[in-house]
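Chemist: I'm passing along protein_39.txt; it holds compact mmCIF, C-alpha atoms and all ligand atoms.
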# COMPACT_ATOMS: atom_id res chain seq x y z
CA ASP A 194 20.67 -35.80 15.03
CA THR A 195 17.58 -35.20 12.91
CA ALA A 196 14.98 -36.95 15.07
CA ALA A 197 15.90 -34.85 18.12
CA HIS A 198 15.94 -31.67 16.01
CA GLN A 199 12.56 -32.52 14.51
CA HIS A 200 11.17 -33.16 17.97
CA ALA A 201 12.45 -29.81 19.28
CA PHE A 202 10.97 -28.05 16.22
CA ASP A 203 7.57 -29.75 16.59
CA THR A 204 7.48 -28.93 20.29
CA ALA A 205 8.31 -25.28 19.68
CA VAL A 206 5.62 -24.94 16.99
CA ALA A 207 3.04 -26.69 19.20
CA ALA A 208 3.92 -24.36 22.11
CA GLU A 209 3.43 -21.28 19.90
CA GLU A 210 7.13 -20.39 20.16
CA ARG A 211 8.76 -18.60 17.26
CA ILE A 212 11.24 -20.36 15.00
CA GLU A 213 14.27 -18.11 14.50
CA PRO A 214 16.85 -18.05 11.68
CA ARG A 215 19.55 -19.98 13.58
CA ASP A 216 17.14 -22.69 14.78
CA TRP A 217 17.03 -26.05 13.07
CA MET A 218 14.02 -26.37 10.77
CA PRO A 219 12.82 -29.00 8.29
CA ASP A 220 14.00 -28.34 4.71
CA ALA A 221 10.40 -28.29 3.45
CA TYR A 222 9.41 -25.68 6.08
CA ARG A 223 12.29 -23.49 4.92
CA ALA A 224 11.35 -23.98 1.26
CA THR A 225 7.69 -23.15 1.90
CA LEU A 226 8.62 -19.98 3.73
CA VAL A 227 10.98 -18.87 0.99
CA ARG A 228 8.25 -19.53 -1.58
CA GLN A 229 5.57 -17.61 0.30
CA ILE A 230 7.73 -14.71 1.55
CA ALA A 231 9.35 -14.24 -1.87
CA GLN A 232 5.96 -14.24 -3.58
CA HIS A 233 4.76 -11.75 -1.02
CA ALA A 234 7.82 -9.48 -1.51
CA HIS A 235 7.49 -9.63 -5.30
CA SER A 236 3.80 -8.65 -4.97
CA GLU A 237 4.68 -5.54 -2.99
CA ILE A 238 7.23 -4.45 -5.59
CA ILE A 239 5.14 -5.25 -8.68
CA GLY A 240 2.15 -3.74 -6.86
CA MET A 241 3.81 -0.32 -7.05
CA GLN A 242 3.20 -0.20 -10.81
CA PRO A 243 -0.60 -0.02 -11.15
CA GLU A 244 -0.84 2.83 -8.64
CA ALA A 245 2.28 4.68 -9.72
CA ASN A 246 0.47 4.93 -13.06
CA TRP A 247 -1.69 7.66 -11.45
CA ILE A 248 0.90 9.70 -9.51
CA THR A 249 1.41 12.28 -12.26
CA ARG A 250 -2.34 12.55 -12.83
CA ALA A 251 -3.60 12.76 -9.24
CA PRO A 252 -6.39 15.37 -9.08
CA SER A 253 -4.81 17.53 -6.34
CA LEU A 254 -1.52 18.11 -4.55
CA ARG A 255 -2.94 16.49 -1.42
CA ARG A 256 -4.00 13.35 -3.30
CA LYS A 257 -0.64 13.20 -5.02
CA ALA A 258 1.31 13.43 -1.76
CA ILE A 259 -0.82 10.65 -0.24
CA LEU A 260 -0.39 8.40 -3.25
CA MET A 261 3.38 8.92 -3.41
CA ALA A 262 3.69 8.06 0.28
CA LYS A 263 1.60 4.96 -0.24
CA VAL A 264 3.62 3.68 -3.19
CA GLN A 265 6.83 4.28 -1.19
CA ASP A 266 5.37 2.24 1.67
CA GLU A 267 4.87 -0.66 -0.75
CA ALA A 268 8.56 -0.47 -1.70
CA GLY A 269 9.43 -0.57 2.00
CA HIS A 270 7.24 -3.65 2.50
CA GLY A 271 9.02 -5.38 -0.34
CA LEU A 272 12.39 -4.62 1.25
CA TYR A 273 11.43 -5.92 4.72
CA LEU A 274 10.12 -9.07 3.10
CA TYR A 275 13.23 -9.67 0.99
CA SER A 276 15.24 -9.25 4.22
CA ALA A 277 13.01 -11.79 5.96
CA ALA A 278 13.54 -14.23 3.07
CA GLU A 279 17.32 -13.66 3.26
CA THR A 280 17.34 -14.88 6.88
CA LEU A 281 16.41 -18.29 5.40
CA GLY A 282 19.65 -18.43 3.42
CA THR A 283 18.62 -17.19 -0.01
CA SER A 284 20.03 -14.03 -1.54
CA ARG A 285 17.95 -11.15 -2.81
CA GLU A 286 19.71 -11.49 -6.16
CA GLU A 287 18.50 -15.07 -6.49
CA LEU A 288 14.92 -14.13 -5.58
CA LEU A 289 14.85 -11.26 -8.06
CA ASP A 290 16.29 -13.51 -10.72
CA LYS A 291 13.47 -16.00 -10.10
CA LEU A 292 10.88 -13.23 -10.39
CA HIS A 293 12.37 -11.90 -13.60
CA SER A 294 12.57 -15.35 -15.19
CA GLY A 295 9.01 -16.28 -14.15
CA ARG A 296 10.08 -19.03 -11.71
CA GLN A 297 8.46 -17.29 -8.75
CA LYS A 298 4.99 -15.80 -8.72
CA TYR A 299 3.54 -12.51 -7.54
CA SER A 300 -0.08 -11.84 -6.67
CA SER A 301 -2.61 -12.25 -9.48
CA ILE A 302 -4.24 -8.94 -8.55
CA PHE A 303 -1.46 -6.77 -9.94
CA ASN A 304 -2.05 -8.03 -13.47
CA TYR A 305 -5.15 -5.88 -13.86
CA PRO A 306 -5.03 -2.34 -15.31
CA THR A 307 -5.77 0.93 -13.47
CA LEU A 308 -8.02 2.60 -16.01
CA THR A 309 -9.29 5.61 -14.02
CA TRP A 310 -8.43 7.63 -10.91
CA ALA A 311 -11.17 5.74 -9.04
CA ASP A 312 -9.06 2.58 -9.40
CA VAL A 313 -6.63 4.06 -6.88
CA GLY A 314 -9.52 4.16 -4.42
CA ALA A 315 -10.73 0.66 -5.28
CA ILE A 316 -7.21 -0.72 -4.83
CA GLY A 317 -6.89 0.92 -1.43
CA TRP A 318 -10.31 -0.16 -0.23
CA LEU A 319 -10.57 -3.66 -1.74
CA VAL A 320 -7.05 -4.85 -2.60
CA ASP A 321 -5.40 -3.48 0.54
CA GLY A 322 -8.46 -4.53 2.54
CA ALA A 323 -8.05 -8.09 1.26
CA ALA A 324 -4.32 -7.91 1.93
CA ILE A 325 -4.90 -6.92 5.58
CA THR A 326 -7.44 -9.69 6.08
CA ASN A 327 -4.85 -12.16 4.82
CA GLN A 328 -1.88 -10.59 6.62
CA VAL A 329 -3.15 -9.89 10.15
CA PRO A 330 -3.04 -13.63 10.97
CA LEU A 331 0.48 -13.78 9.50
CA CYS A 332 1.61 -11.59 12.44
CA ARG A 333 1.27 -14.87 14.38
CA CYS A 334 3.22 -16.91 11.83
CA SER A 335 5.58 -19.44 13.45
CA TYR A 336 8.62 -17.95 11.68
CA GLY A 337 9.81 -14.96 13.73
CA PRO A 338 11.26 -12.61 11.08
CA TYR A 339 8.18 -12.95 8.84
CA ALA A 340 5.76 -12.47 11.73
CA ARG A 341 7.59 -9.36 12.96
CA ALA A 342 7.74 -7.82 9.47
CA MET A 343 3.98 -8.29 9.23
CA VAL A 344 3.24 -6.15 12.29
CA ARG A 345 4.49 -2.93 10.74
CA ILE A 346 3.22 -3.85 7.28
CA CYS A 347 -0.31 -4.38 8.61
CA LYS A 348 -0.30 -0.99 10.34
CA GLU A 349 0.67 0.70 7.09
CA GLU A 350 -1.84 -1.35 5.11
CA SER A 351 -4.61 -0.14 7.42
CA PHE A 352 -3.74 3.43 6.52
CA HIS A 353 -3.76 2.47 2.83
CA GLN A 354 -7.16 0.87 3.17
CA ARG A 355 -8.61 3.96 4.83
CA GLN A 356 -7.20 6.32 2.22
CA GLY A 357 -8.80 4.19 -0.51
CA TYR A 358 -12.12 4.19 1.30
CA GLU A 359 -11.98 7.96 1.82
CA LEU A 360 -11.08 8.54 -1.84
CA LEU A 361 -13.97 6.38 -3.05
CA LEU A 362 -16.37 8.07 -0.62
CA ALA A 363 -15.45 11.49 -2.03
CA LEU A 364 -16.11 10.23 -5.56
CA SER A 365 -19.27 8.38 -4.60
CA GLN A 366 -20.70 11.55 -3.05
CA GLY A 367 -19.47 13.74 -5.91
CA THR A 368 -21.02 14.44 -9.31
CA PRO A 369 -23.00 11.68 -11.08
CA GLU A 370 -19.94 11.12 -13.32
CA GLN A 371 -17.67 10.71 -10.31
CA HIS A 372 -20.11 8.32 -8.67
CA ALA A 373 -20.28 6.25 -11.88
CA MET A 374 -16.48 6.18 -12.06
CA ALA A 375 -16.28 4.87 -8.47
CA GLN A 376 -18.92 2.21 -9.21
CA ASP A 377 -17.12 1.12 -12.37
CA ALA A 378 -13.85 0.68 -10.47
CA VAL A 379 -15.56 -1.42 -7.80
CA ASP A 380 -17.23 -3.51 -10.52
CA ARG A 381 -13.83 -4.30 -12.03
CA TRP A 382 -11.82 -4.89 -8.80
CA TRP A 383 -14.29 -6.89 -6.70
CA TRP A 384 -13.88 -10.35 -8.23
CA PRO A 385 -10.09 -10.17 -8.69
CA SER A 386 -9.87 -9.11 -5.01
CA LEU A 387 -11.67 -12.31 -3.97
CA MET A 388 -9.17 -14.30 -6.04
CA MET A 389 -6.25 -12.83 -4.06
CA PHE A 390 -7.00 -15.29 -1.24
CA GLY A 391 -5.91 -18.15 -3.47
CA PRO A 392 -7.68 -21.25 -4.79
CA PRO A 393 -10.59 -22.85 -2.90
CA ASP A 394 -9.53 -25.00 0.06
CA ASP A 395 -10.14 -28.30 -1.74
CA THR A 396 -7.61 -27.38 -4.44
CA SER A 397 -5.11 -25.43 -2.30
CA GLN A 398 -2.10 -27.73 -2.40
CA HIS A 399 -0.07 -26.04 0.36
CA SER A 400 -2.73 -25.07 2.91
CA ALA A 401 -2.91 -28.20 5.07
CA GLN A 402 0.85 -28.41 5.61
CA SER A 403 1.26 -24.65 6.08
CA MET A 404 -1.48 -24.63 8.70
CA GLU A 405 0.11 -27.56 10.51
CA TRP A 406 3.36 -25.58 10.64
CA LYS A 407 1.42 -22.49 11.77
CA ILE A 408 2.67 -20.45 8.86
CA LYS A 409 -0.95 -20.01 7.79
CA ARG A 410 -3.54 -19.68 10.56
CA HIS A 411 -6.70 -19.81 8.45
CA SER A 412 -7.61 -21.41 5.16
CA ASN A 413 -8.02 -19.44 1.92
CA ASP A 414 -11.82 -19.83 1.98
CA GLU A 415 -12.10 -18.77 5.63
CA LEU A 416 -10.23 -15.54 4.96
CA ARG A 417 -12.16 -14.88 1.76
CA GLN A 418 -15.45 -15.22 3.68
CA ARG A 419 -14.15 -12.89 6.41
CA PHE A 420 -13.30 -10.29 3.76
CA VAL A 421 -16.74 -10.51 2.11
CA ASP A 422 -18.43 -10.07 5.49
CA ILE A 423 -16.32 -6.97 6.20
CA ALA A 424 -16.77 -5.45 2.71
CA VAL A 425 -20.57 -5.68 2.45
CA PRO A 426 -21.47 -3.07 5.12
CA GLN A 427 -18.58 -0.86 3.95
CA ALA A 428 -19.97 -0.89 0.38
CA GLU A 429 -23.33 0.14 1.79
CA SER A 430 -21.92 3.11 3.65
CA LEU A 431 -19.98 4.08 0.53
CA GLY A 432 -23.21 4.06 -1.45
CA LEU A 433 -21.74 1.60 -3.94
CA THR A 434 -22.95 -1.81 -5.09
CA LEU A 435 -20.86 -4.97 -5.11
CA PRO A 436 -21.26 -6.63 -8.54
CA ASP A 437 -22.68 -9.93 -7.34
CA PRO A 438 -26.43 -10.67 -7.64
CA ASP A 439 -26.01 -13.74 -5.40
CA LEU A 440 -24.61 -11.77 -2.47
CA ARG A 441 -26.94 -12.06 0.53
CA TRP A 442 -26.86 -12.55 4.29
CA ASN A 443 -27.29 -16.16 5.35
CA GLU A 444 -28.85 -16.13 8.82
CA GLU A 445 -28.13 -19.79 9.42
CA ARG A 446 -24.41 -19.58 8.62
CA GLY A 447 -24.01 -16.11 10.10
CA HIS A 448 -22.13 -15.11 6.94
CA HIS A 449 -22.84 -13.65 3.52
CA ASP A 450 -23.33 -16.11 0.69
CA PHE A 451 -21.69 -15.00 -2.53
CA GLY A 452 -21.63 -16.02 -6.18
CA ALA A 453 -19.23 -18.38 -7.94
CA ILE A 454 -15.70 -17.12 -8.61
CA ASP A 455 -14.35 -17.55 -12.14
CA TRP A 456 -11.40 -19.82 -11.36
CA THR A 457 -10.60 -20.16 -15.06
CA GLU A 458 -9.76 -16.47 -15.11
CA PHE A 459 -7.55 -16.93 -12.01
CA LYS A 460 -5.65 -19.81 -13.63
CA GLU A 461 -5.15 -17.85 -16.84
CA VAL A 462 -3.73 -14.89 -14.88
CA LEU A 463 -1.35 -17.25 -13.02
CA LYS A 464 -0.24 -18.72 -16.34
CA GLY A 465 0.76 -15.24 -17.52
CA ASN A 466 -2.33 -14.49 -19.60
CA GLY A 467 -3.87 -11.71 -17.52
CA PRO A 468 -4.43 -8.27 -19.05
CA CYS A 469 -1.12 -6.80 -17.79
CA ASN A 470 1.24 -9.71 -16.99
CA GLU A 471 3.61 -8.93 -19.81
CA GLN A 472 3.63 -5.19 -19.15
CA ARG A 473 4.32 -5.69 -15.41
CA ILE A 474 7.25 -8.05 -15.84
CA THR A 475 8.76 -6.07 -18.71
CA GLN A 476 8.63 -2.89 -16.63
CA ARG A 477 10.15 -4.73 -13.62
CA ARG A 478 13.05 -6.07 -15.70
CA ARG A 479 13.66 -2.64 -17.18
CA ALA A 480 13.70 -1.01 -13.74
CA HIS A 481 16.17 -3.66 -12.54
CA ASP A 482 18.48 -3.11 -15.52
CA GLU A 483 18.32 0.64 -15.15
CA GLY A 484 19.27 0.30 -11.48
CA ALA A 485 22.38 -1.77 -12.23
CA TRP A 486 24.70 1.24 -11.90
CA VAL A 487 23.34 2.00 -8.43
CA ARG A 488 24.00 -1.55 -7.24
CA GLU A 489 27.51 -1.44 -8.74
CA ALA A 490 28.28 1.91 -7.14
CA ALA A 491 26.96 0.74 -3.76
CA ALA A 492 29.06 -2.44 -3.95
CA ALA A 493 32.18 -0.45 -4.94
CA HIS A 494 31.58 1.96 -2.08
CA ALA A 495 31.12 -0.89 0.39
CA ALA A 496 34.31 -2.60 -0.83
CA ARG A 497 36.34 0.60 -0.50
CA HIS A 498 34.92 1.28 2.94
CA ALA A 499 35.78 -2.28 4.00
CA GLY A 500 39.36 -1.62 2.75
CA ASP A 501 39.62 1.65 4.69
CA THR A 502 38.76 0.06 7.98
CA GLY A 503 40.88 -3.03 7.32
CA ARG A 504 37.88 -5.36 7.45
N1 LIG B 601 -1.81 -14.89 -6.96
C1 LIG B 601 -0.80 -15.63 -7.45
N2 LIG B 601 -0.55 -16.89 -7.04
C2 LIG B 601 -1.37 -17.40 -6.11
C3 LIG B 601 -2.43 -16.69 -5.54
C4 LIG B 601 -2.64 -15.38 -6.01
N3 LIG B 601 -3.63 -14.61 -5.55
N4 LIG B 601 -3.04 -17.48 -4.64
C5 LIG B 601 -2.40 -18.66 -4.65
N5 LIG B 601 -1.40 -18.62 -5.54
C6 LIG B 601 -0.51 -19.72 -5.91
C7 LIG B 601 0.33 -20.20 -4.74
O1 LIG B 601 1.48 -19.42 -4.60
C8 LIG B 601 0.63 -21.61 -5.15
O2 LIG B 601 1.60 -21.62 -6.20
P1 LIG B 601 3.12 -22.16 -5.99
O3 LIG B 601 3.02 -23.55 -5.49
O4 LIG B 601 3.75 -22.03 -7.32
O5 LIG B 601 3.74 -21.22 -4.98
C9 LIG B 601 -0.67 -22.04 -5.81
O6 LIG B 601 -1.29 -20.85 -6.24
C10 LIG B 601 -1.59 -22.83 -4.90
O7 LIG B 601 -2.10 -22.02 -3.84
P2 LIG B 601 -2.07 -22.46 -2.29
O8 LIG B 601 -1.74 -23.89 -2.16
O9 LIG B 601 -3.34 -22.00 -1.68
O10 LIG B 601 -0.82 -21.56 -1.80
P3 LIG B 601 -0.50 -20.94 -0.39
O11 LIG B 601 -0.74 -21.92 0.70
O12 LIG B 601 0.84 -20.32 -0.49
O13 LIG B 601 -1.62 -19.77 -0.21
C11 LIG B 601 -1.63 -17.34 -0.26
C12 LIG B 601 -1.63 -18.66 -1.07
C13 LIG B 601 -2.91 -17.27 0.57
C14 LIG B 601 -1.56 -16.18 -1.23
C15 LIG B 601 -0.41 -17.37 0.70
O14 LIG B 601 0.77 -17.62 -0.02
C16 LIG B 601 -0.21 -16.10 1.48
O15 LIG B 601 -0.89 -15.85 2.46
N6 LIG B 601 0.80 -15.27 1.08
C17 LIG B 601 1.17 -14.05 1.78
C18 LIG B 601 0.36 -12.87 1.34
C19 LIG B 601 0.71 -12.36 -0.03
O16 LIG B 601 1.54 -12.87 -0.75
N7 LIG B 601 0.07 -11.26 -0.42
C20 LIG B 601 0.41 -10.63 -1.67
C21 LIG B 601 -0.66 -9.75 -2.16
S1 LIG B 601 -1.08 -8.47 -1.06
C22 LIG B 601 -0.10 -7.13 -1.37
O17 LIG B 601 0.99 -7.25 -1.75
C23 LIG B 601 -0.66 -5.76 -1.15
Kindly transcribe the structure held in the file into structure tokens.

Modeler:
Amino acid sequence: DTAAHQHAFDTAVAAEERIEPRDWMPDAYRATLVRQIAQHAHSEIIGMQPEANWITRAPSLRRKAILMAKVQDEAGHGLYLYSAAETLGTSREELLDKLHSGRQKYSSIFNYPTLTWADVGAIGWLVDGAAITNQVPLCRCSYGPYARAMVRICKEESFHQRQGYELLLALSQGTPEQHAMAQDAVDRWWWPSLMMFGPPDDTSQHSAQSMEWKIKRHSNDELRQRFVDIAVPQAESLGLTLPDPDLRWNEERGHHDFGAIDWTEFKEVLKGNGPCNEQRITQRRRAHDEGAWVREAAAAHAARHAGDTGR
């Protein structure tokens, strides 16, 4: 009976126990998880595109090997996350279909172009840095499979963040042209990175409920502030400037104040009007179509194998 199930669920969440796939859960909890995990998985997969753009043009064999490994990690993250979503009773096919038809979102950040090699560094430092800030608390998410996937993903993201920082440091300390290229990349990626955390708390429609369910542990604005506080000293040691004249330490709050975010730009990107939305989704659909023969061959192989063993 539902009341007893609901009570058991509420008690488990309150006691910091994990909800597992076979446990009863409210329909809305399941739907919220599918929404968030699918969006997260799609972001990992679409996020391969802006960086893959630079694999063939990496400046050295060492840089190329690092970047290839990183982009492969992102594919792996997408796959763990699709598996986590599947434990909630949706198929990967259905999730991909929703991505391809625009019914599920992916992160706004991946709709910006990677114009120079320094963008690979800025993505690692800022975008992966923002991702870790958001994802470390998700290791304590109330839904077991999502929380466990996050542990490994966060470890790999830390490596990504360090490689981005190291790449930018090399450029920043290089020739004046290289330094300028690093600064230009930071100028372009800073504000979109702040937008990754989602809308401000007073307009975040899902936050209150997701925090009650312990899916989210901190609000969008709390995590955004944490990220700014981490990034400021790192920018200093990189010798690069964050493009915000209003950025300053606020002794009273014990945090950095920062300038106003352009939420109109964020909304436009979510509506599909960012600089690369069309390119990203077109490329994703093409990759899916071109992979059809692999899926067919794998399914045929699985069916034949099932026949062989009488299953
Ligand atoms: N890009 C695209 N959509 C966003 C973004 C963003 N940066 N931020 C918020 N949104 C969407 C939400 O998905 C929601 O839309 P929906 O109702 O259609 O799903 C709407 O804006 C309102 O936002 P919130 O109510 O604040 O949504 P939510 O509580 O889900 O919080 C957040 C958004 C913080 C992104 C949360 O979903 C989350 O933590 N997700 C997991 C992390 C993740 O997806 N990271 C992907 C980028 S990192 C990487 O891949 C390297």

Chemist: Would you mind listing the residues within 6 Å of ligand LIG 601 (chain B), counting all atoms listed in the file, as a PyMOL selection string?

Modeler: chain A and resi 228-229+232-233+236-237+298-301+321+324+327+388-392+397-400+413+463

Chemist: Need the shell around A:Gly271: protein/DNA/RNA residues with any atom at most 7 Å away, counting only C-alpha atoms. Skip same-chain ones fewer than 3 positions apart. Format as a ChimeraX atom specification?

Modeler: /A:234-235,237-238,267-268,274-275

Chemist: If I take atom CA of A:Pro306 and atom CA of A:Gly322, how far is one from the other in Å, to one decimal?

Modeler: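 One can read the atom CA of A:Pro306 to atom CA of A:Gly322 distance as 18.3 Å.
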
Chemist: Give me the residues within 12 Å of A:Glu350 as a PyMOL selection string, counting all atoms listed in the file and dropping any in the same chain fewer than 6 places off.

Modeler: chain A and resi 237+262-264+266-267+269-270+316-329+343-344+356-357

Chemist: What residues have an atom no more than 9 Å from (-20.0, -22.2, 6.9) in the file's own frame, counting only C-alpha atoms, and can you write them as a list in words?

Modeler: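 Every residue inside that radius is included here: Glu415, Gln418, Glu445, Arg446, Gly447 and His448 of chain A.
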
Chemist: Could you pull the residues within 12 Å of A:Ala278, counting all atoms listed in the file, minus those fewer than 3 positions along the same chain, as number ranges by chain?

Modeler: A: 214, 223-235, 271-275, 281-289, 336-340, 342

Chemist: Show me, as a ChimeraX atom specification, the residues that have an atom within 12 Å of A:Gly467 when counting only C-alpha atoms, minus same-chain residues fewer than 3 positions from it.

Modeler: /A:300-306,385,457-464,470-474

Chemist: Find the residues around A:His481 up to 12 Å (all atoms listed in the file counted), leave out those fewer than 2 positions away in its own chain, and share them as a list in words.

Modeler: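 Near A:His481, the qualifying residues are Ile238, Ile239, Glu286, Leu289, Asp290, Leu292, His293, Ile474, Thr475, Gln476, Arg477, Arg478, Arg479, Glu483, Gly484, Ala485, Trp486, Val487 and Arg488 of chain A.
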
Chemist: List every residue of stretch 274-370 of chain A that has an atom at most 8 Å from any atom of stretch 244-260 of chain A, and for each one report the closest atom pair and its distance in Å to one decimal, counting all atoms listed in the file, with rows sorted by chain and then by increasing residue number, as JSON lines.

Modeler:
{"residue": "A:Thr307", "atom": "CA", "partner": "A:Glu244", "partner_atom": "CA", "distance": 7.2}
{"residue": "A:Trp310", "atom": "CA", "partner": "A:Trp247", "partner_atom": "CA", "distance": 6.8}
{"residue": "A:Val313", "atom": "CA", "partner": "A:Glu244", "partner_atom": "CA", "distance": 6.2}

Chemist: Take atom CA of A:Ala208 and atom CA of A:Asp395 and report the distance between them in Å, one decimal.

Modeler: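 Interatomic distance here is 28.0 Å.
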
Chemist: To one decimal place in Å, what is the distance between atom CA of A:Thr280 and atom CA of A:Ser351?

Modeler: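 Here the two named atoms are 26.4 Å from each other.
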
Chemist: Starting from the incomplete input, reconstruct N, CA and C atoms of stretch 288-308 of chain A and report them as a short mmCIF file (atom, residue, chain, number, x, y, z; two decimals), in the frame of the given file.

Modeler:
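Saved result, rebuild29.cif, follows:
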data_model
loop_
_atom_site.label_atom_id
_atom_site.label_comp_id
_atom_site.auth_asym_id
_atom_site.auth_seq_id
_atom_site.Cartn_x
_atom_site.Cartn_y
_atom_site.Cartn_z
N LEU A 288 16.38 -14.29 -5.57
CA LEU A 288 14.92 -14.13 -5.58
C LEU A 288 14.47 -13.25 -6.74
N LEU A 289 15.22 -12.16 -6.96
CA LEU A 289 14.85 -11.26 -8.06
C LEU A 289 15.01 -11.97 -9.40
N ASP A 290 16.07 -12.76 -9.49
CA ASP A 290 16.29 -13.51 -10.72
C ASP A 290 15.11 -14.46 -10.99
N LYS A 291 14.61 -15.08 -9.94
CA LYS A 291 13.47 -16.00 -10.10
C LYS A 291 12.21 -15.25 -10.50
N LEU A 292 12.04 -14.04 -9.98
CA LEU A 292 10.88 -13.23 -10.39
C LEU A 292 11.00 -12.87 -11.87
N HIS A 293 12.19 -12.39 -12.23
CA HIS A 293 12.37 -11.90 -13.60
C HIS A 293 12.30 -13.01 -14.64
N SER A 294 12.62 -14.24 -14.24
CA SER A 294 12.57 -15.35 -15.19
C SER A 294 11.27 -16.15 -15.05
N GLY A 295 10.33 -15.63 -14.25
CA GLY A 295 9.01 -16.28 -14.15
C GLY A 295 9.00 -17.54 -13.32
N ARG A 296 10.07 -17.81 -12.53
CA ARG A 296 10.08 -19.03 -11.71
C ARG A 296 9.44 -18.81 -10.34
N GLN A 297 9.22 -17.56 -9.96
CA GLN A 297 8.46 -17.29 -8.75
C GLN A 297 7.31 -16.36 -9.11
N LYS A 298 6.20 -16.55 -8.40
CA LYS A 298 4.99 -15.80 -8.72
C LYS A 298 4.92 -14.48 -7.94
N TYR A 299 3.98 -13.65 -8.35
CA TYR A 299 3.54 -12.51 -7.54
C TYR A 299 2.03 -12.53 -7.62
N SER A 300 1.36 -11.74 -6.77
CA SER A 300 -0.08 -11.84 -6.67
C SER A 300 -0.79 -11.54 -7.99
N SER A 301 -1.77 -12.38 -8.28
CA SER A 301 -2.61 -12.25 -9.48
C SER A 301 -3.19 -10.84 -9.64
N ILE A 302 -3.50 -10.20 -8.52
CA ILE A 302 -4.24 -8.94 -8.55
C ILE A 302 -3.51 -7.84 -9.32
N PHE A 303 -2.20 -7.88 -9.33
CA PHE A 303 -1.46 -6.77 -9.94
C PHE A 303 -1.32 -6.90 -11.46
N ASN A 304 -2.02 -7.88 -12.02
CA ASN A 304 -2.05 -8.03 -13.47
C ASN A 304 -3.28 -7.40 -14.11
N TYR A 305 -3.98 -6.59 -13.32
CA TYR A 305 -5.15 -5.88 -13.86
C TYR A 305 -4.80 -4.40 -14.02
N PRO A 306 -5.39 -3.74 -15.03
CA PRO A 306 -5.03 -2.34 -15.31
C PRO A 306 -5.73 -1.34 -14.40
N THR A 307 -5.12 -0.17 -14.20
CA THR A 307 -5.77 0.93 -13.47
C THR A 307 -6.24 1.95 -14.50
N LEU A 308 -7.50 1.83 -14.88
CA LEU A 308 -8.02 2.60 -16.01
C LEU A 308 -8.42 4.03 -15.65
#
